[in-house]
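Novice: Take this structure, written in structure tokens, and hold onto it; I'll ask about it next.
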Amino acid sequence: MAFVAGAGLVQLWPRLPGAGATWLLAGTCLFASVIGMRLRHGAARLLAALALGLCAGLLNASLQAQARLDDALSDAHQDAVSRLVLRVAGLPDGDARSQRFLAELDEPAPAGIPSRIQVSWQAPPGPQAALPELKPGQVWRMALVLRRPHGLLNPAGPDAEGRMFAQGIRAVGTVRGQPRLLADRPWATPGIAIERARHRVRDGLRAALGEHRYAPVMIALAIGDQAGVAREDWRLFNRSGITHLVSISGMHVTSIAGIAGLLVAALWRRGRWRGAGLAEHVP
């Protein structure tokens with residue numbers, strides 16, 4: 001509780017502490033831990049533990065917040081073309097004419113360029129022009145016009161800029177020219193492997209469900225990809241009070257389905273009927 005309280009206090013500060021205050025917090029944490037190990041009285045040890053938790057929460061939240069703020073687009077790269085090597089890190093959203101995806105730097109970039117960028121890629125003019133198929137794990141060399149994220153700040157409305165900040169997206173980029181595919185590494189990281197698996201599941205669901213109106217909703221429920229759900233469907237969910245259910249069910253449905261599958265398989269292997277195992281009748 002003291003650790004959480006320390007992290008919460010950071011949210012109330014008008015600004016983050018400097019390097020000197022951070023080192024002071026670290027020293028206080030170390031001092032509290034040493035004192036707590038040497039004390040014998042129960043109440044004194046409890047106070048030392050609470051002080052340790054509070055300082056640790058303050059220190060952890062301060063360091064993470066400072067790291068997020070430091071990972072920002074500098075003025076030198078604002079509205080300028082930057083040539084970067086990026087890895088597709090999330091499910092692409094769009095069609096053959098327009099794509100938007102989350103990308104991570106695959107190689108060291110110049111100072112002042114964030115590590116995570118939301119990229120928009122438009123196909124060139126012409127009816128025959130189309131974008132290549134994008135998959136999580138692909139590594140591209142591309143020229144991007146980078147800008148800081150901005151969003152509408154209407155009362156009671158969605159805060160797009162705050163959402164991107166929470167996701168660590170500190171820049172948005174628009175593709176210029178013709179990017180070049182350098183490699184495809186679907187197992188680069190555990191997160192990339194999961195996104196690649198979700199991409200394959202989404203392709204399979206799209207092929208199986210076709211153009212049915214409920215197809216994007218089924219995909220959203222199965223893997224949590226809500227990009228294809230129509231605005232009219234969201235309005236219907238809102239009026240019927242199930243928006244939250246649709247928003248969170250991607251993870252819950254797959255988790256419960258996996259647990260149920262394991263339980264049924266275990267019971268079926270152990271079940272018997274008239275002296276023979278059920279799996280011998282229906283494997």
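Each chain in the structure tokens gets a letter, A, B, ..., in the order shown, and its residues are numbered from 1; ligands are numbered from 1 in order too.
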Could you pull out the residues in range 82-211 of chain A that DSSP calls alpha helix (DSSP H) from the backbone, as number ranges by chain?

Specialist: A: 160-166, 190-209

Novice: Restricted to C-alpha atoms, what would the selected residues look like written as a PDB file, in the first residue's frame?

Specialist:
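Contents of out_28.pdb, as written:
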ATOM      1  CA  ALA A 160      -6.098  10.561 -28.162  1.00  0.00           C
ATOM      2  CA  GLU A 161      -2.879  12.303 -27.179  1.00  0.00           C
ATOM      3  CA  GLY A 162      -3.064  10.972 -23.634  1.00  0.00           C
ATOM      4  CA  ARG A 163      -3.819   7.462 -24.871  1.00  0.00           C
ATOM      5  CA  MET A 164      -0.782   7.478 -27.180  1.00  0.00           C
ATOM      6  CA  PHE A 165       1.381   8.844 -24.361  1.00  0.00           C
ATOM      7  CA  ALA A 166       0.245   5.977 -22.116  1.00  0.00           C
ATOM      8  CA  PRO A 190       7.748 -12.464 -27.477  1.00  0.00           C
ATOM      9  CA  GLY A 191       5.459  -9.485 -28.151  1.00  0.00           C
ATOM     10  CA  ILE A 192       6.143  -9.663 -31.896  1.00  0.00           C
ATOM     11  CA  ALA A 193       5.455 -13.412 -31.899  1.00  0.00           C
ATOM     12  CA  ILE A 194       2.096 -12.835 -30.194  1.00  0.00           C
ATOM     13  CA  GLU A 195       1.167 -10.083 -32.661  1.00  0.00           C
ATOM     14  CA  ARG A 196       2.145 -12.319 -35.574  1.00  0.00           C
ATOM     15  CA  ALA A 197      -0.085 -15.080 -34.215  1.00  0.00           C
ATOM     16  CA  ARG A 198      -2.964 -12.601 -33.862  1.00  0.00           C
ATOM     17  CA  HIS A 199      -2.340 -11.513 -37.458  1.00  0.00           C
ATOM     18  CA  ARG A 200      -2.666 -15.100 -38.704  1.00  0.00           C
ATOM     19  CA  VAL A 201      -5.843 -15.636 -36.684  1.00  0.00           C
ATOM     20  CA  ARG A 202      -7.321 -12.411 -38.049  1.00  0.00           C
ATOM     21  CA  ASP A 203      -6.549 -13.430 -41.636  1.00  0.00           C
ATOM     22  CA  GLY A 204      -8.190 -16.803 -41.043  1.00  0.00           C
ATOM     23  CA  LEU A 205     -11.300 -15.239 -39.532  1.00  0.00           C
ATOM     24  CA  ARG A 206     -11.584 -12.772 -42.395  1.00  0.00           C
ATOM     25  CA  ALA A 207     -11.329 -15.568 -44.945  1.00  0.00           C
ATOM     26  CA  ALA A 208     -13.922 -17.674 -43.112  1.00  0.00           C
ATOM     27  CA  LEU A 209     -16.429 -14.901 -42.353  1.00  0.00           C
TER      28      LEU A 209
END

Novice: What lies within 7 Å of range 251-264 of chain A using only C-alpha atoms, ignoring chain neighbours under 2 positions off, as a list in words?

Specialist: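 The residues that qualify are Leu221, Ala222, Ile223, Gly224, Ile248, Ser249, Ala266, Leu267 and Trp268 of chain A.
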
Novice: Which of these, A:Val10, A:Ala188, A:Ala171, A:Val4, has the shortest distance to Gly112 in chain A once you count only C-alpha atoms?

Specialist: A:Ala171

Novice: As a ChimeraX atom specification, please: the residues near Arg180 in chain A (cut-off 10 Å, only C-alpha atoms, same-chain neighbours under 4 positions excluded).

Specialist: /A:85,139-143

Novice: Compile the contact shell of Glu133 in chain A as a PyMOL selection string: residues with an atom at most 8 Å away, counting only C-alpha atoms, same-chain residues fewer than 2 positions apart removed.

Specialist: chain A and resi 96+131+135

Novice: To one decimal in Å, tell me the separation between CA of Trp121 in chain A and CA of Thr174 in chain A.

Specialist: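 Between these atoms lies a distance of 6.1 Å.
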
Novice: Neighbours of range 212-214 of chain A within 9 Å (only C-alpha atoms; same-chain residues fewer than 3 positions away dropped), as an MDAnalysis selection string?

Specialist: chainID A and resid 209 217:219 229:230

Novice: Dump N, CA and C atoms for the selected residues as a PDB file, in the first residue's frame?

Specialist:
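Contents of result-v7.pdb, freshly written:
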ATOM      1  N   LEU A 209     -15.197 -15.667 -42.553  1.00  0.00           N
ATOM      2  CA  LEU A 209     -16.429 -14.901 -42.353  1.00  0.00           C
ATOM      3  C   LEU A 209     -16.805 -14.051 -43.550  1.00  0.00           C
ATOM      4  N   VAL A 217     -16.993  -7.761 -35.628  1.00  0.00           N
ATOM      5  CA  VAL A 217     -17.327  -7.954 -34.219  1.00  0.00           C
ATOM      6  C   VAL A 217     -16.795  -9.295 -33.729  1.00  0.00           C
ATOM      7  N   MET A 218     -16.902 -10.333 -34.555  1.00  0.00           N
ATOM      8  CA  MET A 218     -16.367 -11.633 -34.171  1.00  0.00           C
ATOM      9  C   MET A 218     -14.848 -11.566 -34.004  1.00  0.00           C
ATOM     10  N   ILE A 219     -14.187 -10.826 -34.894  1.00  0.00           N
ATOM     11  CA  ILE A 219     -12.729 -10.673 -34.778  1.00  0.00           C
ATOM     12  C   ILE A 219     -12.383  -9.912 -33.501  1.00  0.00           C
ATOM     13  N   VAL A 229     -14.637  -2.613 -36.458  1.00  0.00           N
ATOM     14  CA  VAL A 229     -16.031  -2.493 -36.024  1.00  0.00           C
ATOM     15  C   VAL A 229     -16.592  -1.156 -36.504  1.00  0.00           C
ATOM     16  N   ALA A 230     -17.751  -1.209 -37.143  1.00  0.00           N
ATOM     17  CA  ALA A 230     -18.344  -0.007 -37.731  1.00  0.00           C
ATOM     18  C   ALA A 230     -18.859   0.935 -36.641  1.00  0.00           C
TER      19      ALA A 230
END

Novice: What's the 10 Å shell around Ala2 in chain A, counting only C-alpha atoms, without same-chain residues fewer than 5 positions away, as a list in words?

Specialist: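 Counting only the stated atoms, we get Ala7, Gly8, Ala49, Leu50, Ala51, Leu52, Gly53, Leu54, Cys55, Ala56, Gly57 and Leu58 of chain A.
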
Novice: Just to be explicit: take each residue in the selection above, keep C-alpha atoms, and write the result as a compact mmCIF listing (two decimals), in the first residue's frame.

Specialist:
# COMPACT_ATOMS: atom_id res chain seq x y z
CA ALA A 7 3.43 6.12 -7.07
CA GLY A 8 0.18 8.04 -6.63
CA ALA A 49 8.89 -0.84 5.95
CA LEU A 50 6.26 1.80 5.15
CA ALA A 51 8.97 4.40 4.54
CA LEU A 52 10.79 1.97 2.27
CA GLY A 53 7.63 1.24 0.28
CA LEU A 54 6.72 4.92 -0.03
CA CYS A 55 10.20 5.90 -1.23
CA ALA A 56 10.38 2.93 -3.60
CA GLY A 57 7.02 3.89 -5.14
CA LEU A 58 8.11 7.50 -5.54
